[in-house]
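Structure data (PDB, C-alpha atoms) from input.pdb:
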ATOM      1  CA  MET A 162     -30.935  12.233  23.775
ATOM      2  CA  GLU A 163     -31.980   8.588  23.598
ATOM      3  CA  LYS A 164     -29.627   6.340  25.517
ATOM      4  CA  ILE A 165     -27.406   4.351  23.155
ATOM      5  CA  LYS A 166     -26.725   0.752  24.067
ATOM      6  CA  ARG A 167     -23.184  -0.609  24.288
ATOM      7  CA  ASN A 168     -23.644  -3.039  21.395
ATOM      8  CA  GLU A 169     -24.798  -0.141  19.222
ATOM      9  CA  ARG A 170     -21.754   1.935  20.187
ATOM     10  CA  LEU A 171     -19.399  -0.955  19.539
ATOM     11  CA  GLY A 172     -20.849  -1.570  16.091
ATOM     12  CA  ALA A 173     -20.736   2.102  15.112
ATOM     13  CA  MET A 174     -17.224   2.691  16.496
ATOM     14  CA  THR A 175     -15.907  -0.393  14.724
ATOM     15  CA  ARG A 176     -17.307   0.836  11.412
ATOM     16  CA  ILE A 177     -15.930   4.350  11.915
ATOM     17  CA  LEU A 178     -12.455   3.109  12.803
ATOM     18  CA  THR A 179     -12.154   0.535  10.017
ATOM     19  CA  ASP A 180     -13.519   2.970   7.425
ATOM     20  CA  THR A 181     -10.767   5.470   8.300
ATOM     21  CA  PRO A 182      -7.564   3.463   8.857
ATOM     22  CA  ASN A 183      -4.621   5.310  10.440
ATOM     23  CA  ARG A 184      -6.776   8.363  11.183
ATOM     24  CA  ILE A 185      -6.817   9.569  14.775
ATOM     25  CA  HIS A 186     -10.245  10.011  16.375
ATOM     26  CA  THR A 187     -10.407  11.833  19.695
ATOM     27  CA  LEU A 188     -12.324  10.408  22.624
ATOM     28  CA  SER A 189     -14.307  13.661  22.732
ATOM     29  CA  GLU A 190     -15.504  12.972  19.198
ATOM     30  CA  PHE A 191     -17.030   9.666  20.288
ATOM     31  CA  CYS A 192     -18.338  11.152  23.533
ATOM     32  CA  GLU A 193     -20.276  13.781  21.605
ATOM     33  CA  LEU A 194     -21.514  11.290  19.023
ATOM     34  CA  PHE A 195     -22.837   8.792  21.569
ATOM     35  CA  GLY A 196     -23.522  11.067  24.540
ATOM     36  CA  SER A 197     -21.260   8.961  26.752
ATOM     37  CA  ALA A 198     -18.525   9.637  29.287
ATOM     38  CA  LYS A 199     -14.860   9.226  28.364
ATOM     39  CA  SER A 200     -14.508   6.335  30.780
ATOM     40  CA  THR A 201     -17.320   4.490  28.990
ATOM     41  CA  ILE A 202     -15.777   5.151  25.565
ATOM     42  CA  SER A 203     -12.394   3.956  26.833
ATOM     43  CA  GLU A 204     -13.957   0.687  27.966
ATOM     44  CA  ASP A 205     -15.592   0.282  24.558
ATOM     45  CA  ILE A 206     -12.269   0.833  22.801
ATOM     46  CA  ASP A 207     -10.627  -1.787  25.002
ATOM     47  CA  LEU A 208     -13.309  -4.306  24.001
ATOM     48  CA  ILE A 209     -12.890  -3.560  20.287
ATOM     49  CA  SER A 210      -9.103  -3.748  20.575
ATOM     50  CA  ALA A 211      -9.239  -7.143  22.291
ATOM     51  CA  SER A 212     -11.656  -8.501  19.692
ATOM     52  CA  PHE A 213      -9.488  -7.305  16.794
ATOM     53  CA  GLU A 214      -6.400  -8.857  18.341
ATOM     54  CA  ARG A 215      -8.125 -12.182  18.960
ATOM     55  CA  PHE A 216      -9.372 -12.521  15.382
ATOM     56  CA  ASP A 217      -6.303 -10.991  13.661
ATOM     57  CA  LEU A 218      -8.235  -8.020  12.274
ATOM     58  CA  GLY A 219      -5.574  -5.367  12.824
ATOM     59  CA  ARG A 220      -4.824  -3.111  15.766
ATOM     60  CA  VAL A 221      -6.723  -0.420  17.611
ATOM     61  CA  GLU A 222      -4.124   1.853  19.181
ATOM     62  CA  THR A 223      -4.343   4.667  21.687
ATOM     63  CA  VAL A 224      -2.319   7.751  20.754
ATOM     64  CA  ALA A 225      -1.157   9.883  23.680
ATOM     65  CA  GLY A 226      -0.783  13.656  23.734
ATOM     66  CA  ALA A 227      -2.902  16.754  23.242
ATOM     67  CA  ALA A 228      -3.796  15.740  19.688
ATOM     68  CA  GLY A 229      -4.131  12.082  20.615
ATOM     69  CA  GLY A 230      -7.007   9.690  20.590
ATOM     70  CA  VAL A 231      -7.544   6.294  19.020
ATOM     71  CA  ARG A 232      -6.804   4.905  15.557
ATOM     72  CA  TYR A 233      -7.158   1.671  13.631
ATOM     73  CA  ARG A 234      -4.246   0.182  11.705
ATOM     74  CA  ALA A 235      -4.859  -2.843   9.495
ATOM     75  CA  ILE A 236      -1.595  -4.536  10.520
ATOM     76  CA  PRO A 237      -1.784  -8.258   9.734
ATOM     77  CA  SER A 238      -0.007 -10.825  11.888
ATOM     78  CA  PRO A 239       3.015 -12.679  10.442
ATOM     79  CA  ALA A 240       0.840 -15.794  10.128
ATOM     80  CA  ARG A 241      -1.791 -13.931   8.119
ATOM     81  CA  VAL A 242       0.862 -12.327   5.892
ATOM     82  CA  ALA A 243       2.365 -15.750   5.182
ATOM     83  CA  ARG A 244      -1.080 -17.170   4.386
ATOM     84  CA  VAL A 245      -2.075 -14.306   2.056
ATOM     85  CA  LEU A 246       1.225 -14.286   0.181
ATOM     86  CA  GLY A 247       1.290 -18.080  -0.041
ATOM     87  CA  GLU A 248      -2.173 -18.155  -1.599
ATOM     88  CA  LEU A 249      -1.233 -15.325  -3.956
ATOM     89  CA  ALA A 250       1.951 -17.107  -5.030
ATOM     90  CA  ASP A 251      -0.045 -20.272  -5.726
ATOM     91  CA  ARG A 252      -2.501 -18.362  -7.913
ATOM     92  CA  LEU A 253       0.246 -16.669  -9.892
ATOM     93  CA  SER A 254       2.021 -20.005 -10.368
ATOM     94  CA  GLN A 255      -0.908 -21.431 -12.309
ATOM     95  CA  PRO A 256      -0.255 -22.365 -15.963
ATOM     96  CA  GLY A 257      -0.960 -19.837 -18.700
ATOM     97  CA  ARG A 258       0.462 -16.735 -17.027
ATOM     98  CA  MET A 259       3.734 -16.624 -18.965
ATOM     99  CA  LEU A 260       4.112 -13.508 -21.118
ATOM    100  CA  PRO A 261       6.818 -12.681 -23.685
ATOM    101  CA  GLY A 262       9.829 -10.841 -22.258
ATOM    102  CA  GLY A 263       9.847 -12.602 -18.910
ATOM    103  CA  PHE A 264       6.698 -10.969 -17.575
ATOM    104  CA  LEU A 265       3.820 -12.427 -15.600
ATOM    105  CA  TYR A 266       0.115 -11.797 -16.183
ATOM    106  CA  THR A 267      -1.260 -10.288 -12.960
ATOM    107  CA  SER A 268      -3.981  -7.852 -14.075
ATOM    108  CA  ASP A 269      -6.835 -10.123 -13.011
ATOM    109  CA  VAL A 270      -5.363 -10.409  -9.512
ATOM    110  CA  THR A 271      -4.612  -6.721  -8.964
ATOM    111  CA  ALA A 272      -8.099  -5.814 -10.234
ATOM    112  CA  GLU A 273      -9.721  -7.695  -7.338
ATOM    113  CA  SER A 274     -10.501  -5.167  -4.627
ATOM    114  CA  VAL A 275     -10.202  -7.690  -1.783
ATOM    115  CA  THR A 276      -6.814  -8.934  -3.022
ATOM    116  CA  ALA A 277      -5.545  -5.419  -3.691
ATOM    117  CA  GLN A 278      -6.609  -4.368  -0.182
ATOM    118  CA  ALA A 279      -4.816  -7.336   1.389
ATOM    119  CA  MET A 280      -1.617  -6.366  -0.425
ATOM    120  CA  GLY A 281      -2.122  -2.727   0.541
ATOM    121  CA  GLU A 282      -2.427  -3.708   4.209
ATOM    122  CA  ILE A 283       0.822  -5.684   4.086
ATOM    123  CA  LEU A 284       2.729  -2.945   2.264
ATOM    124  CA  ALA A 285       1.395  -0.161   4.496
ATOM    125  CA  ALA A 286       2.428  -2.095   7.602
ATOM    126  CA  GLN A 287       6.041  -1.915   6.417
ATOM    127  CA  TYR A 288       6.031   1.892   6.362
ATOM    128  CA  TYR A 289       3.805   3.261   9.140
ATOM    129  CA  ASP A 290       6.880   4.423  11.033
ATOM    130  CA  ARG A 291       8.131   6.371   7.982
ATOM    131  CA  GLN A 292       4.982   8.561   8.032
ATOM    132  CA  PRO A 293       4.748   9.268   4.277
ATOM    133  CA  HIS A 294       2.695  12.228   3.130
ATOM    134  CA  PHE A 295       1.556  10.445  -0.039
ATOM    135  CA  VAL A 296       1.925   7.289  -2.101
ATOM    136  CA  LEU A 297       3.424   7.623  -5.579
ATOM    137  CA  THR A 298       2.912   5.138  -8.399
ATOM    138  CA  MET A 299       3.287   4.974 -12.170
ATOM    139  CA  GLU A 300       0.285   4.456 -14.420
ATOM    140  CA  THR A 301      -1.433   2.068 -14.797
ATOM    141  CA  LYS A 302      -1.208  -1.464 -13.405
ATOM    142  CA  GLY A 303       0.198  -0.418 -10.051
ATOM    143  CA  ILE A 304      -2.702   1.914  -9.283
ATOM    144  CA  PRO A 305      -5.002  -0.561  -7.427
ATOM    145  CA  ILE A 306      -2.261  -1.708  -5.041
ATOM    146  CA  ALA A 307      -0.949   1.821  -4.535
ATOM    147  CA  LEU A 308      -4.462   3.153  -3.892
ATOM    148  CA  MET A 309      -5.139   0.530  -1.228
ATOM    149  CA  THR A 310      -1.769   1.221   0.385
ATOM    150  CA  ALA A 311      -2.582   4.936   0.432
ATOM    151  CA  ARG A 312      -5.966   4.183   1.988
ATOM    152  CA  MET A 313      -4.396   2.138   4.771
ATOM    153  CA  LEU A 314      -1.985   5.020   5.474
ATOM    154  CA  ASP A 315      -4.735   7.665   5.139
ATOM    155  CA  VAL A 316      -2.704   9.669   2.614
ATOM    156  CA  PRO A 317      -3.346  10.770  -0.991
ATOM    157  CA  LEU A 318      -2.342   8.798  -4.074
ATOM    158  CA  VAL A 319      -0.156  10.580  -6.636
ATOM    159  CA  ILE A 320       0.136   9.105 -10.142
ATOM    160  CA  ALA A 321       3.064   9.742 -12.463
ATOM    161  CA  ARG A 322       2.182   9.465 -16.136
ATOM    162  CA  ARG A 323       4.007   8.720 -19.351
ATOM    163  CA  ASP A 324       2.982  12.122 -20.638
ATOM    164  CA  SER A 325       1.428  15.238 -19.121
ATOM    165  CA  ARG A 326      -2.314  15.948 -19.229
ATOM    166  CA  ALA A 327      -3.712  19.384 -20.016
ATOM    167  CA  TYR A 328      -6.231  19.143 -17.183
ATOM    168  CA  GLU A 329      -3.415  18.685 -14.629
ATOM    169  CA  GLY A 330      -1.674  21.969 -15.473
ATOM    170  CA  SER A 331       2.083  22.382 -15.926
ATOM    171  CA  ALA A 332       4.203  19.309 -15.279
ATOM    172  CA  VAL A 333       7.761  18.203 -14.633
ATOM    173  CA  LYS A 334       9.090  15.712 -17.179
ATOM    174  CA  ILE A 335      12.139  13.484 -16.868
ATOM    175  CA  ASN A 336      13.720  10.745 -18.943
ATOM    176  CA  TYR A 337      14.653   7.465 -17.301
ATOM    177  CA  ILE A 338      16.222   4.154 -18.291
ATOM    178  CA  ALA A 339      13.717   1.318 -18.551
ATOM    179  CA  GLY A 340      14.242  -2.328 -19.433
ATOM    180  CA  GLY A 341      15.101  -5.550 -17.695
ATOM    181  CA  GLY A 342      18.845  -5.607 -18.160
ATOM    182  CA  ILE A 343      21.853  -4.975 -20.380
ATOM    183  CA  GLY A 344      20.900  -5.079 -24.050
ATOM    184  CA  ASN A 345      17.230  -4.493 -23.287
ATOM    185  CA  GLU A 346      17.467  -0.903 -22.120
ATOM    186  CA  HIS A 347      15.618   2.047 -23.581
ATOM    187  CA  ILE A 348      14.708   5.602 -22.628
ATOM    188  CA  GLU A 349      11.189   6.483 -21.540
ATOM    189  CA  THR A 350       9.528   9.657 -20.286
ATOM    190  CA  MET A 351       7.728  10.280 -17.020
ATOM    191  CA  ALA A 352       5.602  13.321 -16.168
ATOM    192  CA  LEU A 353       4.110  14.610 -12.921
ATOM    193  CA  ALA A 354       1.945  17.673 -12.314
ATOM    194  CA  ARG A 355       3.790  20.452 -10.481
ATOM    195  CA  ARG A 356       0.922  20.844  -8.026
ATOM    196  CA  ALA A 357       0.984  17.172  -7.032
ATOM    197  CA  VAL A 358       3.957  17.344  -4.643
ATOM    198  CA  SER A 359       5.393  20.044  -2.372
ATOM    199  CA  PRO A 360       9.067  20.408  -1.376
ATOM    200  CA  GLY A 361       9.908  18.600   1.849
ATOM    201  CA  GLN A 362       7.132  16.034   1.639
ATOM    202  CA  ARG A 363       7.807  12.333   2.206
ATOM    203  CA  ALA A 364       6.919   9.908  -0.593
ATOM    204  CA  LEU A 365       6.274   6.172  -0.482
ATOM    205  CA  ILE A 366       6.688   4.613  -3.939
ATOM    206  CA  ILE A 367       4.496   1.594  -4.727
ATOM    207  CA  ASP A 368       4.307  -0.357  -8.002
ATOM    208  CA  ASP A 369       3.143  -3.748  -9.236
ATOM    209  CA  PHE A 370       6.267  -5.193 -10.874
ATOM    210  CA  MET A 371      10.032  -4.714 -10.693
ATOM    211  CA  LYS A 372      12.432  -6.326 -13.103
ATOM    212  CA  GLY A 373      15.450  -4.060 -13.505
ATOM    213  CA  GLY A 374      14.047  -1.293 -11.291
ATOM    214  CA  GLY A 375      14.363   1.418 -13.934
ATOM    215  CA  THR A 376      10.822   2.769 -13.570
ATOM    216  CA  LEU A 377      11.107   2.827  -9.784
ATOM    217  CA  GLN A 378      14.431   4.648  -9.987
ATOM    218  CA  GLY A 379      12.762   7.081 -12.375
ATOM    219  CA  MET A 380      10.171   7.858  -9.685
ATOM    220  CA  VAL A 381      12.970   8.328  -7.152
ATOM    221  CA  ASP A 382      14.634  10.772  -9.564
ATOM    222  CA  MET A 383      11.302  12.529 -10.077
ATOM    223  CA  MET A 384      10.957  13.078  -6.326
ATOM    224  CA  ARG A 385      14.439  14.590  -6.311
ATOM    225  CA  GLU A 386      13.200  17.150  -8.852
ATOM    226  CA  PHE A 387      10.410  18.068  -6.420
ATOM    227  CA  GLN A 388      12.812  18.145  -3.438
ATOM    228  CA  ALA A 389      10.739  15.416  -1.798
ATOM    229  CA  GLU A 390      12.152  12.616   0.349
ATOM    230  CA  VAL A 391      11.572   8.991  -0.647
ATOM    231  CA  VAL A 392      10.947   7.010   2.542
ATOM    232  CA  GLY A 393      10.385   3.616   0.943
ATOM    233  CA  VAL A 394       9.837   1.600  -2.219
ATOM    234  CA  GLY A 395       7.485  -1.386  -2.320
ATOM    235  CA  VAL A 396       6.290  -3.657  -5.117
ATOM    236  CA  MET A 397       3.970  -6.597  -5.534
ATOM    237  CA  ILE A 398       6.450  -8.756  -7.472
ATOM    238  CA  ALA A 399      10.208  -8.510  -8.079
ATOM    239  CA  THR A 400      12.083 -10.781 -10.454
ATOM    240  CA  ALA A 401      15.015 -12.731  -9.074
ATOM    241  CA  GLU A 402      17.092 -11.675 -12.093
ATOM    242  CA  PRO A 403      18.803  -9.360 -12.563
ATOM    243  CA  ARG A 404      20.018  -9.597  -8.974
ATOM    244  CA  THR A 405      21.228  -5.986  -8.986
ATOM    245  CA  LYS A 406      18.384  -3.503  -9.421
ATOM    246  CA  ARG A 407      18.672   0.132 -10.408
ATOM    247  CA  VAL A 408      16.734   1.194  -7.328
ATOM    248  CA  GLU A 409      18.015   0.402  -3.844
ATOM    249  CA  GLY A 410      16.113  -0.835  -0.819
ATOM    250  CA  ALA A 411      12.915  -1.933  -2.572
ATOM    251  CA  ARG A 412      10.729  -4.435  -0.717
ATOM    252  CA  SER A 413       8.610  -6.939  -2.619
ATOM    253  CA  LEU A 414       5.719  -9.118  -1.538
ATOM    254  CA  LEU A 415       6.583 -11.881  -4.004
ATOM    255  CA  VAL A 416       9.595 -13.051  -6.009
ATOM    256  CA  LEU A 417       9.403 -14.347  -9.580
ATOM    257  CA  GLU A 418      12.259 -16.819  -9.955
ATOM    258  CA  GLY A 419      11.469 -17.635 -13.586
ATOM    259  CA  PHE A 420       9.291 -19.892 -15.711
ATOM    260  CA  ASP A 421       9.094 -23.615 -16.265
ATOM    261  CA  ALA A 422       8.652 -23.876 -20.031
ATOM    262  CA  ALA A 423       7.662 -27.543 -19.825
ATOM    263  CA  THR A 424       4.636 -26.898 -17.618
ATOM    264  CA  GLY A 425       3.978 -23.277 -18.542
ATOM    265  CA  ARG A 426       4.100 -22.304 -14.895
ATOM    266  CA  ALA A 427       5.728 -19.325 -13.254
ATOM    267  CA  ILE A 428       7.941 -20.019 -10.259
ATOM    268  CA  VAL A 429       6.644 -17.548  -7.668
ATOM    269  CA  HIS A 430       7.184 -17.549  -3.901
ATOM    270  CA  PRO A 431       6.665 -15.089  -1.025
ATOM    271  CA  SER A 432       9.508 -12.665  -0.405
ATOM    272  CA  GLN A 433      11.289 -12.922   2.913
ATOM    273  CA  ASN A 434      11.488  -9.158   3.408
ATOM    274  CA  CYS A 435       7.737  -8.869   4.011
ATOM    275  CA  LEU A 436       7.266 -11.919   6.244
TER
END
Structure rendered as structure tokens:
Amino acid sequence: MEKIKRNERLGAMTRILTDTPNRIHTLSEFCELFGSAKSTISEDIDLISASFERFDLGRVETVAGAAGGVRYRAIPSPARVARVLGELADRLSQPGRMLPGGFLYTSDVTAESVTAQAMGEILAAQYYDRQPHFVLTMETKGIPIALMTARMLDVPLVIARRDSRAYEGSAVKINYIAGGGIGNEHIETMALARRAVSPGQRALIIDDFMKGGGTLQGMVDMMREFQAEVVGVGVMIATAEPRTKRVEGARSLLVLEGFDAATGRAIVHPSQNCL
């Protein structure tokens, strides 16, 4: 086998690790791929880890044990989180984003893959220790953020729908209370394929927007029907009002305080529970 140079190994290992976040790769796997000794691979990993730490590119961690190895986690530093959320808040505070009913236009932002990935990295970092088996979201606007969060955690994405689809087989349906507060409440339906979740699994719920928290609580109730444990709830934006939400313990990246009708601007700022 042709001898592989260190710079070639470093480039290939970096690509492999960052393409598969949170997935454990054994040292033997890299030894076989590059025809190198474990001591050499360990030195390479140390170099990559130091470089990532210096440039705030996430963490390369060594996992001990028989099934151990090395993995990459895209955990941003507090300074990077503050910068990303500050820039995002500034963008969403631009004029023209006010929508009827106290909503904020965000579809252009969530549709950007780079922005969605940055939010997914921040949300995933909040829940690595909970070890979810999958990420659950509700169609449709929350899908990009939830997908990127699932990618960072290396778990599947499960999508609840407003009605069942024939191509997904039999489904569980529940009714839940939606709406932003008293006097604006209504009943909606949520459906999830029976094959999507197994009893005993751990679910992380991710969505784009929380006003009253009814949809998120509906997903919590849906997981109860599947006998699955909800280990966390995260959203891109939560409104400041109503203060009391129907779902407990949700973490948001941003807070929408309200709108300035005179300027047409939304009042958006980073949430303290993700900084």
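For the pair atom CA of A:Pro360 and atom CA of A:Glu386, the separation is 9.1 Å.
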* atom CA of A:Thr271 to atom CA of A:Gly303, distance in Å rounded to a single decimal -> 8.0 Å
Box dimensions and centre (Å, one decimal) enclosing stretch 208-222 of chain A, axis-aligned, 4 Å extra per side, as AutoDock Vina command-line options:
--center_x -8.7 --center_y -5.3 --center_z 18.1 --size_x 17.2 --size_y 22.4 --size_z 19.7
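Shell of A:Ile206 at 9 Å, with all atoms listed in the file counted and residues fewer than 2 places along the chain excluded, is A:Leu171, A:Met174, A:Thr175, A:Thr201, A:Ile202, A:Ser203, A:Glu204, A:Leu208, A:Ile209, A:Ser210, A:Ala211, A:Val221, A:Glu222, A:Thr223, A:Val231.
On the file presented, the PyMOL selection byres ((chain A and resi 373) around 7) picks out A:Gly340, A:Gly341, A:Gly342, A:Met371, A:Lys372, A:Gly374, A:Gly375, A:Pro403, A:Lys406, A:Arg407.
Shortest separation to A:Val333 among A:Asp315, A:Met383, A:Ile366, A:Gln292 occurs at residue A:Met383, atoms counted being all atoms listed in the file.
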* Asked: How many Å separate atom CA of A:Leu260 from atom CA of A:Ala427?
  -> 9.9 Å
* Written as number ranges by chain, which residues does the PyMOL selection byres ((chain A and resi 420) around 10) give for the file shown? -> A: 254, 256, 258-260, 263-265, 417-419, 421-429
* Selection as a VMD selection string: residues within 9 Å of (-1.5, -6.9, -14.8), counting only C-alpha atoms -> chain A and resid 265 to 272 301 to 303 369 to 370
* **9 Å contact set for A:Leu318, all atoms listed in the file, chain neighbours under 2 positions out, as a ChimeraX atom specification** => /A:295-298,304,307-308,310-312,316,320
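Proximity ranking of A:Leu178, A:Leu284, A:Ala240, A:Val358 relative to A:Gly395 places A:Leu284 first, based on all atoms listed in the file.
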* To do: Can you give me, as a list of chain:residue names, the residues this file yields under the PyMOL selection byres ((chain A and resi 286) around 10)?
  => A:Arg234, A:Ala235, A:Ile236, A:Pro237, A:Met280, A:Gly281, A:Glu282, A:Ile283, A:Leu284, A:Ala285, A:Gln287, A:Tyr288, A:Tyr289, A:Asp290, A:Thr310, A:Met313, A:Leu314, A:Cys435
Stretch 223-275 of chain A near stretch 189-200 of chain A within 12 Å: what's each residue's closest atom pair and its distance in Å to one decimal, counting all atoms listed in the file, ordered by chain then ascending residue number, as JSON lines?
{"residue": "A:Ala227", "atom": "CA", "partner": "A:Ser189", "partner_atom": "CA", "distance": 11.8}
{"residue": "A:Ala228", "atom": "CA", "partner": "A:Ser189", "partner_atom": "CA", "distance": 11.1}
{"residue": "A:Gly229", "atom": "CA", "partner": "A:Ser189", "partner_atom": "CA", "distance": 10.5}
{"residue": "A:Gly230", "atom": "CA", "partner": "A:Ser189", "partner_atom": "CA", "distance": 8.6}
{"residue": "A:Val231", "atom": "CA", "partner": "A:Phe191", "partner_atom": "CA", "distance": 10.1}
* **For A:Arg184, the nearest of the candidates A:His294, A:Arg323, A:His430, A:Arg232, counting only C-alpha atoms** => A:Arg232
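The smallest atom-to-atom distance between A:Asp382 and any of A:Arg215, A:Arg326, A:His347, A:Lys334, using only C-alpha atoms, is found for A:Lys334.
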